[in-house]
Structures are given as structure tokens and as C-alpha cells.
$ cat start_34.cif   # mmCIF, C-alpha atoms
data_run
loop_
_atom_site.label_atom_id
_atom_site.label_comp_id
_atom_site.auth_asym_id
_atom_site.auth_seq_id
_atom_site.Cartn_x
_atom_site.Cartn_y
_atom_site.Cartn_z
CA MET O 40 -31.68 8.69 -52.18
CA ARG O 41 -31.18 10.89 -55.25
CA SER O 42 -33.21 14.14 -55.54
CA ARG O 43 -34.61 15.64 -58.72
CA ASP O 44 -31.90 18.29 -59.13
CA GLY O 45 -29.14 15.66 -58.78
CA ASN O 46 -27.25 17.42 -55.93
CA SER O 47 -27.94 14.84 -53.25
CA ASP O 48 -24.35 13.60 -52.93
CA PHE O 49 -22.99 17.10 -52.42
CA SER O 50 -25.62 18.15 -49.92
CA LEU O 51 -25.19 14.90 -48.00
CA SER O 52 -21.42 15.34 -47.73
CA VAL O 53 -21.82 18.96 -46.63
CA SER O 54 -24.30 18.03 -43.93
CA VAL O 55 -22.06 15.20 -42.69
CA SER O 56 -18.99 17.43 -42.53
CA VAL O 57 -20.94 20.21 -40.79
CA GLY O 58 -22.27 17.69 -38.31
CA PHE O 59 -18.76 16.38 -37.66
CA LEU O 60 -17.46 19.91 -37.16
CA LEU O 61 -20.23 20.59 -34.69
CA LEU O 62 -19.54 17.32 -32.89
CA LEU O 63 -15.83 17.91 -32.40
CA PRO O 64 -16.08 20.92 -30.10
CA SER O 65 -18.89 19.27 -28.17
CA LEU O 66 -16.64 16.25 -27.52
CA ALA O 67 -13.84 18.54 -26.43
CA LEU O 68 -16.19 20.43 -24.12
CA ASN O 69 -17.18 17.18 -22.42
CA ALA O 70 -13.64 16.70 -21.18
CA SER O 71 -13.16 18.45 -17.87
CA GLU O 72 -10.66 18.43 -15.05
CA PHE O 73 -11.18 17.60 -11.39
CA LEU O 74 -9.05 17.79 -8.29
CA ILE O 75 -9.23 14.63 -6.21
CA SER O 76 -7.66 13.86 -2.86
CA TYR O 77 -8.02 10.79 -0.67
CA ARG O 78 -6.88 10.06 2.85
CA TYR O 79 -7.50 7.57 5.62
CA LEU O 80 -6.03 6.76 8.97
CA VAL O 81 -5.53 3.38 10.60
CA LYS O 82 -4.96 3.46 14.33
CA ASP O 83 -4.15 0.20 16.14
CA ALA O 84 -5.32 -1.80 13.10
CA VAL O 85 -8.71 -0.06 12.98
CA LEU O 86 -9.77 2.31 10.19
CA TYR O 87 -10.74 5.92 10.94
CA ASN O 88 -11.45 9.09 8.94
CA GLU O 89 -11.66 7.91 5.35
CA THR O 90 -12.17 10.99 3.18
CA LEU O 91 -12.45 11.40 -0.58
CA GLU O 92 -12.59 14.98 -1.85
CA ILE O 93 -13.67 15.80 -5.40
CA SER O 94 -13.91 19.30 -6.84
CA LYS O 95 -13.86 20.88 -10.25
CA THR O 96 -10.72 22.79 -11.15
CA MET O 97 -10.87 26.57 -11.35
CA GLN O 98 -7.95 26.76 -13.71
CA LYS O 99 -6.47 24.45 -16.31
CA CYS O 100 -4.08 21.76 -15.14
CA LYS O 101 -0.76 20.95 -16.74
CA GLY O 102 0.51 17.46 -17.52
CA LYS O 103 -0.20 14.39 -19.57
CA PRO O 104 -2.79 11.73 -18.71
CA TYR O 105 -1.65 8.25 -17.70
CA GLN O 106 -3.11 5.02 -16.21
CA SER O 107 -6.73 5.69 -17.10
CA ILE O 108 -9.78 4.00 -15.64
CA VAL O 109 -13.14 3.64 -17.41
CA PHE O 110 -16.56 3.53 -15.69
CA GLN O 111 -19.69 2.41 -17.53
CA THR O 112 -22.44 5.03 -17.25
CA ARG O 113 -25.82 5.97 -18.75
CA ASP O 114 -25.23 9.52 -19.94
CA ASP O 115 -24.26 10.62 -16.46
CA LYS O 116 -22.19 13.81 -16.22
CA ASN O 117 -21.84 14.04 -12.45
CA LEU O 118 -18.44 12.66 -11.43
CA LYS O 119 -19.27 12.53 -7.73
CA LYS O 120 -22.30 10.32 -8.41
CA ILE O 121 -20.32 8.12 -10.80
CA ILE O 122 -17.57 7.60 -8.24
CA GLU O 123 -20.14 6.99 -5.52
CA LYS O 124 -21.62 4.19 -7.63
CA ASN O 125 -18.18 2.70 -8.33
CA HIS O 126 -16.58 3.58 -4.99
CA ARG O 127 -14.74 0.33 -4.39
CA LYS O 128 -13.35 0.17 -7.91
CA PHE O 129 -12.19 3.78 -7.73
CA VAL O 130 -10.51 3.35 -4.32
CA ASP O 131 -8.67 0.26 -5.59
CA TYR O 132 -7.58 2.31 -8.60
CA ILE O 133 -6.30 5.13 -6.35
CA HIS O 134 -4.29 2.57 -4.38
CA HIS O 135 -2.81 1.33 -7.63
CA ILE O 136 -1.83 4.84 -8.75
CA GLY O 137 0.12 5.24 -5.54
CA LEU O 138 -0.36 6.56 -2.04
CA ASN O 139 1.91 8.25 0.44
CA VAL O 140 2.43 6.04 3.48
CA GLU O 141 3.19 7.65 6.81
CA HIS O 142 3.55 5.30 9.75
CA HIS O 143 4.43 5.98 13.36
CA ASP O 144 4.34 3.57 16.24
CA ALA O 145 5.32 3.92 19.84
CA THR O 146 5.96 1.48 22.64
CA ILE O 147 5.71 3.42 25.88
CA ASN O 148 6.24 1.41 29.05
CA TYR O 149 5.77 -1.78 27.03
CA LYS O 150 2.39 -0.60 25.73
CA TYR O 151 2.20 -0.53 21.93
CA SER O 152 0.22 1.81 19.70
CA SER O 153 0.49 2.53 15.99
CA THR O 154 -0.83 5.03 13.45
CA THR O 155 -0.69 4.69 9.68
CA ILE O 156 -1.90 7.42 7.34
CA LEU O 157 -2.37 6.78 3.63
CA THR O 158 -2.77 9.84 1.44
CA LEU O 159 -3.35 10.66 -2.19
CA LYS O 160 -2.19 14.26 -2.37
CA THR O 161 -4.52 16.52 -4.30
CA THR O 162 -4.12 15.41 -7.90
CA CYS O 163 -5.62 16.78 -11.09
CA PHE O 164 -7.63 14.24 -13.08
CA LYS O 165 -8.83 14.64 -16.65
CA VAL O 166 -12.36 13.28 -17.02
CA ASP O 167 -13.85 12.49 -20.45
CA PHE O 168 -17.63 12.19 -20.28
CA ASN O 169 -19.18 10.08 -23.03
CA ASP O 170 -22.62 8.62 -23.62
CA ASN O 171 -21.87 5.15 -22.27
CA PHE O 172 -18.69 5.57 -20.30
CA VAL O 173 -16.47 8.00 -18.41
CA LYS O 174 -12.70 7.92 -18.70
CA VAL O 175 -10.76 9.21 -15.70
CA SER O 176 -7.02 9.72 -15.92
CA PRO O 177 -4.59 11.52 -13.61
CA LEU O 178 -2.32 14.19 -15.06
CA LYS O 179 1.42 14.04 -14.55
CA MET T 151 38.03 -45.67 52.03
CA LYS T 152 40.31 -46.77 49.19
CA LEU T 153 37.45 -48.51 47.48
CA SER T 154 35.32 -45.37 47.62
CA LEU T 155 38.15 -43.28 46.13
CA VAL T 156 38.56 -45.75 43.27
CA ILE T 157 34.83 -45.67 42.60
CA THR T 158 34.73 -41.87 42.55
CA ALA T 159 37.78 -41.78 40.25
CA LEU T 160 36.15 -44.24 37.89
CA PHE T 161 32.87 -42.33 37.97
CA SER T 162 34.59 -39.03 37.19
CA GLY T 163 36.47 -40.71 34.31
CA VAL T 164 33.20 -41.95 32.87
CA LEU T 165 31.81 -38.43 33.16
CA LEU T 166 34.79 -36.98 31.28
CA ILE T 167 34.39 -39.47 28.47
CA ALA T 168 30.67 -38.87 28.32
CA ALA T 169 31.12 -35.11 28.52
CA PRO T 170 31.35 -34.45 24.75
CA ASN T 171 27.84 -35.82 24.32
CA THR T 172 26.23 -33.68 27.04
CA GLY T 173 23.97 -30.80 26.18
CA ARG T 174 26.30 -28.10 27.43
CA VAL T 175 29.19 -29.12 25.21
CA GLN T 176 26.81 -29.58 22.32
CA ALA T 177 25.56 -26.08 22.92
CA PHE T 178 29.13 -24.79 22.94
CA GLN T 179 29.78 -26.55 19.66
CA ASP T 180 26.63 -24.98 18.28
CA THR T 181 27.84 -21.51 19.18
CA VAL T 182 31.12 -22.25 17.44
CA THR T 183 29.40 -23.42 14.25
CA THR T 184 26.83 -20.58 14.27
CA PRO T 185 27.66 -18.16 11.40
CA THR T 186 28.84 -14.70 12.30
CA PHE T 187 26.63 -11.63 11.85
CA SER T 188 28.39 -10.61 8.65
CA GLN T 189 27.92 -14.10 7.21
CA VAL T 190 24.22 -14.00 8.00
CA GLU T 191 23.98 -10.55 6.48
CA GLU T 192 25.68 -11.73 3.30
CA SER T 193 23.54 -14.84 2.91
CA GLN T 194 20.12 -13.35 3.77
CA GLU T 195 20.26 -9.82 2.41
CA VAL T 196 18.41 -9.58 -0.88
CA LEU T 197 19.87 -6.97 -3.16
CA LEU T 198 18.21 -5.31 -6.10
CA GLU T 199 20.43 -5.95 -9.11
CA LYS T 200 20.41 -4.34 -12.51
CA ASN T 201 18.13 -5.97 -15.13
CA LYS T 202 16.51 -8.09 -12.42
CA ASN T 203 13.16 -7.57 -10.75
CA LEU T 204 12.55 -8.20 -7.09
CA LEU T 205 9.21 -9.48 -5.83
CA ILE T 206 8.29 -8.36 -2.34
CA SER T 207 5.43 -10.13 -0.61
CA VAL T 208 3.84 -9.00 2.65
CA LEU T 209 0.85 -9.93 4.79
CA GLY T 210 -1.14 -7.02 6.20
CA GLN T 211 -3.63 -7.41 9.05
CA GLY T 212 -6.61 -5.31 9.98
CA VAL T 213 -9.47 -5.48 12.45
CA ALA T 214 -13.05 -4.30 12.06
CA PRO T 215 -14.26 -1.59 14.47
CA MET T 216 -16.70 -2.57 17.22
CA ASN T 217 -19.57 -0.32 16.06
CA THR T 218 -20.32 -1.70 12.58
CA TYR T 219 -23.84 -2.01 11.15
CA SER T 220 -23.29 -5.21 9.17
CA PRO T 221 -20.72 -7.95 8.58
CA ALA T 222 -20.18 -6.54 5.09
CA GLN T 223 -19.24 -3.14 6.51
CA ALA T 224 -16.97 -4.82 9.05
CA PHE T 225 -15.24 -6.70 6.25
CA ALA T 226 -14.82 -3.59 4.10
CA LEU T 227 -13.33 -1.57 6.96
CA ALA T 228 -11.08 -4.39 8.16
CA LYS T 229 -9.84 -4.93 4.61
CA ARG T 230 -8.95 -1.25 4.24
CA ALA T 231 -7.03 -1.38 7.53
CA ALA T 232 -5.24 -4.53 6.36
CA ILE T 233 -4.30 -2.84 3.07
CA ALA T 234 -2.82 0.10 5.00
CA ASP T 235 -0.84 -2.35 7.12
CA ALA T 236 0.42 -4.11 3.99
CA TYR T 237 1.46 -0.78 2.46
CA ARG T 238 3.32 0.03 5.66
CA LEU T 239 5.13 -3.32 5.52
CA VAL T 240 6.12 -2.76 1.89
CA ALA T 241 7.45 0.70 2.81
CA GLU T 242 9.40 -0.77 5.72
CA LYS T 243 10.92 -3.48 3.56
CA VAL T 244 11.95 -1.16 0.76
CA LYS T 245 12.93 2.00 2.64
CA GLY T 246 13.76 0.75 6.11
CA VAL T 247 12.58 1.95 9.50
CA ARG T 248 13.73 4.84 11.65
CA VAL T 249 13.96 3.75 15.27
CA ASP T 250 14.27 6.10 18.24
CA GLY T 251 14.55 4.83 21.78
CA GLN T 252 14.66 6.52 25.16
CA ASP T 253 14.85 5.11 28.69
CA ILE T 254 14.58 7.34 31.73
CA ILE T 255 16.24 5.81 34.77
CA LYS T 256 15.95 7.38 38.20
CA ASN T 257 17.39 5.94 41.41
CA MET T 258 18.50 2.82 39.53
CA MET T 259 14.94 2.19 38.30
CA VAL T 260 13.40 2.51 34.86
CA LYS T 261 10.85 5.31 35.11
CA ARG T 262 9.83 5.44 31.46
CA SER T 263 10.80 3.36 28.49
CA THR T 264 9.97 4.58 24.99
CA VAL T 265 10.63 3.07 21.57
CA ARG T 266 9.33 4.93 18.52
CA THR T 267 9.56 3.73 14.94
CA SER T 268 8.50 5.52 11.80
CA VAL T 269 8.56 5.19 8.04
CA GLU T 270 7.46 7.44 5.20
CA ALA T 271 7.27 6.33 1.59
CA MET T 272 5.34 6.48 -1.65
CA VAL T 273 4.01 3.10 -2.71
CA ARG T 274 2.49 2.49 -6.12
CA ASN T 275 1.59 -0.52 -8.29
CA ALA T 276 1.16 -2.88 -5.36
CA SER T 277 -1.32 -5.66 -6.02
CA ILE T 278 -3.49 -7.70 -3.68
CA VAL T 279 -2.98 -11.43 -4.14
CA GLU T 280 -5.32 -12.87 -1.56
CA THR T 281 -7.75 -11.66 1.10
CA THR T 282 -9.04 -13.68 4.03
CA PHE T 283 -11.47 -12.65 6.75
CA LYS T 284 -11.75 -14.86 9.79
CA GLU T 285 -13.09 -14.06 13.26
CA GLY T 286 -12.95 -10.30 12.74
CA LEU T 287 -9.39 -10.33 11.46
CA CYS T 288 -8.74 -9.52 7.84
CA GLU T 289 -5.49 -10.56 6.22
CA VAL T 290 -4.35 -9.18 2.89
CA GLU T 291 -1.47 -10.72 1.00
CA MET T 292 0.16 -8.07 -1.12
CA GLU T 293 2.90 -8.22 -3.71
CA ILE T 294 4.97 -5.55 -5.37
CA LEU T 295 7.49 -5.96 -8.15
CA ILE T 296 10.35 -3.52 -7.94
CA SER T 297 13.11 -2.99 -10.46
CA HIS T 298 16.45 -1.23 -10.39
CA SER T 299 15.32 1.41 -12.87
CA GLN T 300 12.61 2.65 -10.47
CA PHE T 301 15.32 3.82 -8.07
CA GLN T 302 17.46 5.65 -10.63
CA PHE T 303 17.26 9.37 -10.13
CA GLN T 304 17.33 11.55 -13.21
#
$ encode --input "start_34.cif" --output "C-alpha cells"
Amino acid sequence: MRSRDGNSDFSLSVSVSVGFLLLLPSLALNASEFLISYRYLVKDAVLYNETLEISKTMQKCKGKPYQSIVFQTRDDKNLKKIIEKNHRKFVDYIHHIGLNVEHHDATINYKYSSTTILTLKTTCFKVDFNDNFVKVSPLK
Amino acid sequence: MKLSLVITALFSGVLLIAAPNTGRVQAFQDTVTTPTFSQVEESQEVLLEKNKNLLISVLGQGVAPMNTYSPAQAFALAKRAAIADAYRLVAEKVKGVRVDGQDIIKNMMVKRSTVRTSVEAMVRNASIVETTFKEGLCEVEMEILISHSQFQFQ
């Protein structure tokens, strides 16, 4: 809508550009980094001690993001809660990224026992929080 | 007396003729025709060639613990155990297994017999093809596609 002094176009463009400039840093601030580790033990084909540790980094991580995963959210900024809601999907994703496999079995006097430990060593993840979704990607 | 000797001679002759068809000789022939270890190794060993991908398929098994609250929890836990087993099998197929054995024999008797195997590997990009859960046993069919370039060190 045109105002009486005829400067509407200019004022509109200034306000849009100022808004965009204000939005950019806010988007950048919403990206944060988390350290995630995951481990579980299977002894004689039975699962024990499944642990998933999530904590915010205290210093900036190095590396480039790869193999991202996206979770649908409703303006949620708590990663632990988001992962809790999408636990199965996230664990499948961690398996896909890659886990260290450590297996030992022993047959002592013809009695068999086995232990397998799967571990995701503490890895830095970049997390982009948005209004409707969260993008999680490991850094390498 | 003479008649009995003739009969035994005839009987033994029949046996000699029939001998090639008996099980023992057949078994001997089988051992002759059985391929040697090196031949088996050559024919069955799958090698990873350049510009060719190799699909490895394994079947992992897992069992639910006794103290579960629901069948759903039992399934989830058994599936995770089966996935770990499948990862272990993939690692064993790709990297091989370290085997250590020890027998302690005292006074001509085995006191303690121990066989230990172990494998350590990093497995990524494995995909689950099929999952079945029957009578407390969960089976996960897993596949992994490996290529020559993945094993080239920079």
C-alpha cells in the first residue's frame, strides 16, 4: 500500500532487509553441537546395558557434517526429548552411521559363552533447530 | 570235502566280482574323487575384485530376556541382540576371527579345555532386510555391500 509521502517502497525494502539481517544470526545461533555416545552389550544372545549419552559441547567441534537425519518437531529445542520421542529411529540411524564391534567368546570345558559389545565412540553432532524440524548430522 | 572247497572258491569269486559295488569301495572311490583342500579353497573363496561390489548376507539371532514387562519390550530387546549378532557375523566374514586354544592335560587326562575366539571391527552402512520373531527368538537378516575402494588406505 502506497503512503502519502510516496516512500513506501523504500521503507518496505529497508524493513525487509533489516528483518533478514536480524534473522540470519538467529538461525546461526540455533545450530548447536552435541556429543553423543552409544553402547550396548549382548551376552549369550541377551541384551544388557544399553546406554545413550547426550551432552552439549563445551568447545567448538571440528569437521564437516555428513549423513544427516531429520526429526519432525513442534518448536522443540531440547535434543534429549526429541531423541527420546524418536528413539528407535535414532538408534537405527546410529547403527547405519557405524558402530565398533567387539566380540569375544569362550568354550571352556565344552561350555560356550559369548559377549558382543557395540559402541558408538563419543562423536560430535551438529544439530540445527528449526520451527518444524531438527537436523542432526555427525561431524567428520 | 572237495565239493565244499569248490563252493567256497566260487563264493569268494562272486564276492570279488561284486566287490566294486560294495559300500567300502564306493567310499574309497569317493575319497579319491573328493577335491583337495586347495581346490576347495579356490572354488569357494569369494574375493573382492576391483570395480566390483560384494554383497554379504548374514542371519543374526537374539533372545529376549526372561524379565520383560510386555511382548513388545521382549521383541525390541531380542531384535537389538539379533542386530548385534548380525554385526558380529559381518565382522567375522570381512575381517576374520582370531582363535586361541589351550588344553591342559595331566596324567594323560584333559583337565581343562579352552577355545577362545574374538573379532574387532568397525561396521557401517549395514541394512536390515528382514526381521522375524518366533517363540522368543528374533532373527535379523542383514546385508552389507562392500567395495574394493573401501579397503584402500590413503
$ interface_residues --input "start_34.cif" --of "chain T" --to "chain O" --cutoff "6 Å" --atoms "only C-alpha atoms" --output "ChimeraX atom specification"
/T:212-213,215,231,262-275
$ atom_distance --input "start_34.cif" --atom1 "atom CA of O:Gly102" --atom2 "atom CA of T:Asn201"
29.4 Å
$ residues_around --input "start_34.cif" --residues "T:Cys288" --least-positions-apart "4" --cutoff "6 Å" --atoms "all atoms listed in the file" --output "NGL selection string"
:T and (211-212 or 228-229 or 282-283)
$ atom_distance --input "start_34.cif" --atom1 "atom CA of O:Phe110" --atom2 "atom CA of O:Ile93"
16.3 Å
$ resolve_selection --input "start_34.cif" --expression "the PyMOL selection byres ((chain O and resi 179) around 7)" --output "MDAnalysis selection string"
chainID O and resid 102:104 177:178
$ residues_around --input "start_34.cif" --residues "T:Lys202" --least-positions-apart "3" --cutoff "12 Å" --atoms "all atoms listed in the file" --output "PyMOL selection string"
chain T and resi 196-199+205+295-300
$ atom_distance --input "start_34.cif" --atom1 "atom CA of O:Lys174" --atom2 "atom CA of O:Leu74"
14.8 Å
$ closest_residue --input "start_34.cif" --among "T:Met259, T:Leu227, T:Val290, T:Ala276" --to "O:Asn88" --atoms "all atoms listed in the file"
T:Leu227
$ closest_residue --input "start_34.cif" --among "T:Ala226, T:Ala232, T:Gly246, T:Gln252" --to "T:Glu291" --atoms "all atoms listed in the file"
T:Ala232
$ residues_around --input "start_34.cif" --residues "stretch 206-209 of chain T" --least-positions-apart "4" --cutoff "9 Å" --atoms "only C-alpha atoms" --output "mmCIF file with C-alpha atoms, in the frame of the given file"
data_model
loop_
_atom_site.group_PDB
_atom_site.id
_atom_site.type_symbol
_atom_site.label_atom_id
_atom_site.label_comp_id
_atom_site.auth_asym_id
_atom_site.auth_seq_id
_atom_site.Cartn_x
_atom_site.Cartn_y
_atom_site.Cartn_z
ATOM 1 C CA ALA T 232 -5.240 -4.530 6.360
ATOM 2 C CA ILE T 233 -4.300 -2.840 3.070
ATOM 3 C CA ASP T 235 -0.840 -2.350 7.120
ATOM 4 C CA ALA T 236 0.420 -4.110 3.990
ATOM 5 C CA TYR T 237 1.460 -0.780 2.460
ATOM 6 C CA LEU T 239 5.130 -3.320 5.520
ATOM 7 C CA VAL T 240 6.120 -2.760 1.890
ATOM 8 C CA LYS T 243 10.920 -3.480 3.560
ATOM 9 C CA VAL T 244 11.950 -1.160 0.760
ATOM 10 C CA GLU T 289 -5.490 -10.560 6.220
ATOM 11 C CA VAL T 290 -4.350 -9.180 2.890
ATOM 12 C CA GLU T 291 -1.470 -10.720 1.000
ATOM 13 C CA MET T 292 0.160 -8.070 -1.120
ATOM 14 C CA GLU T 293 2.900 -8.220 -3.710
ATOM 15 C CA ILE T 294 4.970 -5.550 -5.370
ATOM 16 C CA LEU T 295 7.490 -5.960 -8.150
ATOM 17 C CA ILE T 296 10.350 -3.520 -7.940
#
$ decode --input "start_34.cif" --residues "stretch 222-233 of chain T" --atoms "all heavy atoms" --output "PDB file, in the first residue's frame"
ATOM      1  N   ALA T 222       6.086 -56.574  23.507  1.00  0.00           N
ATOM      2  CA  ALA T 222       6.712 -55.547  22.661  1.00  0.00           C
ATOM      3  C   ALA T 222       8.143 -55.268  23.128  1.00  0.00           C
ATOM      4  O   ALA T 222       9.059 -55.143  22.311  1.00  0.00           O
ATOM      5  CB  ALA T 222       5.890 -54.269  22.711  1.00  0.00           C
ATOM      6  N   GLN T 223       8.299 -55.198  24.460  1.00  0.00           N
ATOM      7  CA  GLN T 223       9.638 -54.965  25.012  1.00  0.00           C
ATOM      8  C   GLN T 223      10.543 -56.159  24.709  1.00  0.00           C
ATOM      9  O   GLN T 223      11.708 -55.989  24.341  1.00  0.00           O
ATOM     10  CB  GLN T 223       9.550 -54.744  26.523  1.00  0.00           C
ATOM     11  CG  GLN T 223      10.854 -54.259  27.111  1.00  0.00           C
ATOM     12  CD  GLN T 223      10.912 -54.411  28.620  1.00  0.00           C
ATOM     13  OE1 GLN T 223      10.165 -55.182  29.211  1.00  0.00           O
ATOM     14  NE2 GLN T 223      11.805 -53.670  29.234  1.00  0.00           N
ATOM     15  N   ALA T 224       9.972 -57.349  24.845  1.00  0.00           N
ATOM     16  CA  ALA T 224      10.740 -58.569  24.550  1.00  0.00           C
ATOM     17  C   ALA T 224      11.219 -58.557  23.109  1.00  0.00           C
ATOM     18  O   ALA T 224      12.379 -58.872  22.819  1.00  0.00           O
ATOM     19  CB  ALA T 224       9.873 -59.790  24.815  1.00  0.00           C
ATOM     20  N   PHE T 225      10.326 -58.148  22.214  1.00  0.00           N
ATOM     21  CA  PHE T 225      10.684 -58.097  20.794  1.00  0.00           C
ATOM     22  C   PHE T 225      11.794 -57.077  20.541  1.00  0.00           C
ATOM     23  O   PHE T 225      12.771 -57.363  19.840  1.00  0.00           O
ATOM     24  CB  PHE T 225       9.446 -57.757  19.948  1.00  0.00           C
ATOM     25  CG  PHE T 225       9.783 -57.467  18.514  1.00  0.00           C
ATOM     26  CD1 PHE T 225      10.202 -58.484  17.662  1.00  0.00           C
ATOM     27  CD2 PHE T 225       9.697 -56.182  18.007  1.00  0.00           C
ATOM     28  CE1 PHE T 225      10.526 -58.218  16.342  1.00  0.00           C
ATOM     29  CE2 PHE T 225      10.021 -55.911  16.691  1.00  0.00           C
ATOM     30  CZ  PHE T 225      10.437 -56.935  15.861  1.00  0.00           C
ATOM     31  N   ALA T 226      11.632 -55.887  21.149  1.00  0.00           N
ATOM     32  CA  ALA T 226      12.617 -54.823  20.936  1.00  0.00           C
ATOM     33  C   ALA T 226      14.006 -55.250  21.425  1.00  0.00           C
ATOM     34  O   ALA T 226      15.008 -55.026  20.741  1.00  0.00           O
ATOM     35  CB  ALA T 226      12.173 -53.549  21.642  1.00  0.00           C
ATOM     36  N   LEU T 227      14.055 -55.876  22.594  1.00  0.00           N
ATOM     37  CA  LEU T 227      15.337 -56.294  23.162  1.00  0.00           C
ATOM     38  C   LEU T 227      15.949 -57.453  22.372  1.00  0.00           C
ATOM     39  O   LEU T 227      17.150 -57.478  22.119  1.00  0.00           O
ATOM     40  CB  LEU T 227      15.169 -56.680  24.634  1.00  0.00           C
ATOM     41  CG  LEU T 227      14.733 -55.557  25.570  1.00  0.00           C
ATOM     42  CD1 LEU T 227      14.460 -56.090  26.959  1.00  0.00           C
ATOM     43  CD2 LEU T 227      15.778 -54.456  25.643  1.00  0.00           C
ATOM     44  N   ALA T 228      15.099 -58.390  21.978  1.00  0.00           N
ATOM     45  CA  ALA T 228      15.595 -59.530  21.199  1.00  0.00           C
ATOM     46  C   ALA T 228      16.109 -59.072  19.835  1.00  0.00           C
ATOM     47  O   ALA T 228      17.115 -59.580  19.336  1.00  0.00           O
ATOM     48  CB  ALA T 228      14.481 -60.554  21.025  1.00  0.00           C
ATOM     49  N   LYS T 229      15.428 -58.082  19.276  1.00  0.00           N
ATOM     50  CA  LYS T 229      15.854 -57.570  17.962  1.00  0.00           C
ATOM     51  C   LYS T 229      17.225 -56.896  18.061  1.00  0.00           C
ATOM     52  O   LYS T 229      18.083 -57.084  17.203  1.00  0.00           O
ATOM     53  CB  LYS T 229      14.811 -56.577  17.421  1.00  0.00           C
ATOM     54  CG  LYS T 229      15.084 -56.191  15.977  1.00  0.00           C
ATOM     55  CD  LYS T 229      14.151 -55.150  15.458  1.00  0.00           C
ATOM     56  CE  LYS T 229      14.585 -54.691  14.079  1.00  0.00           C
ATOM     57  NZ  LYS T 229      13.790 -53.583  13.580  1.00  0.00           N
ATOM     58  N   ARG T 230      17.404 -56.133  19.146  1.00  0.00           N
ATOM     59  CA  ARG T 230      18.701 -55.457  19.331  1.00  0.00           C
ATOM     60  C   ARG T 230      19.823 -56.495  19.486  1.00  0.00           C
ATOM     61  O   ARG T 230      20.903 -56.333  18.923  1.00  0.00           O
ATOM     62  CB  ARG T 230      18.633 -54.562  20.563  1.00  0.00           C
ATOM     63  CG  ARG T 230      19.768 -53.618  20.691  1.00  0.00           C
ATOM     64  CD  ARG T 230      19.645 -52.318  19.901  1.00  0.00           C
ATOM     65  NE  ARG T 230      18.745 -51.391  20.523  1.00  0.00           N
ATOM     66  CZ  ARG T 230      17.639 -50.921  19.944  1.00  0.00           C
ATOM     67  NH1 ARG T 230      17.315 -51.316  18.723  1.00  0.00           N
ATOM     68  NH2 ARG T 230      16.865 -50.060  20.538  1.00  0.00           N
ATOM     69  N   ALA T 231      19.542 -57.556  20.235  1.00  0.00           N
ATOM     70  CA  ALA T 231      20.536 -58.626  20.409  1.00  0.00           C
ATOM     71  C   ALA T 231      20.824 -59.306  19.075  1.00  0.00           C
ATOM     72  O   ALA T 231      21.979 -59.623  18.764  1.00  0.00           O
ATOM     73  CB  ALA T 231      20.031 -59.641  21.424  1.00  0.00           C
ATOM     74  N   ALA T 232      19.781 -59.493  18.272  1.00  0.00           N
ATOM     75  CA  ALA T 232      19.954 -60.124  16.960  1.00  0.00           C
ATOM     76  C   ALA T 232      20.772 -59.232  16.028  1.00  0.00           C
ATOM     77  O   ALA T 232      21.591 -59.729  15.248  1.00  0.00           O
ATOM     78  CB  ALA T 232      18.586 -60.424  16.356  1.00  0.00           C
ATOM     79  N   ILE T 233      20.556 -57.915  16.133  1.00  0.00           N
ATOM     80  CA  ILE T 233      21.331 -56.979  15.304  1.00  0.00           C
ATOM     81  C   ILE T 233      22.813 -57.059  15.678  1.00  0.00           C
ATOM     82  O   ILE T 233      23.684 -57.095  14.813  1.00  0.00           O
ATOM     83  CB  ILE T 233      20.781 -55.535  15.463  1.00  0.00           C
ATOM     84  CG1 ILE T 233      19.419 -55.419  14.767  1.00  0.00           C
ATOM     85  CG2 ILE T 233      21.745 -54.507  14.878  1.00  0.00           C
ATOM     86  CD1 ILE T 233      18.683 -54.124  15.065  1.00  0.00           C
TER      87      ILE T 233
END
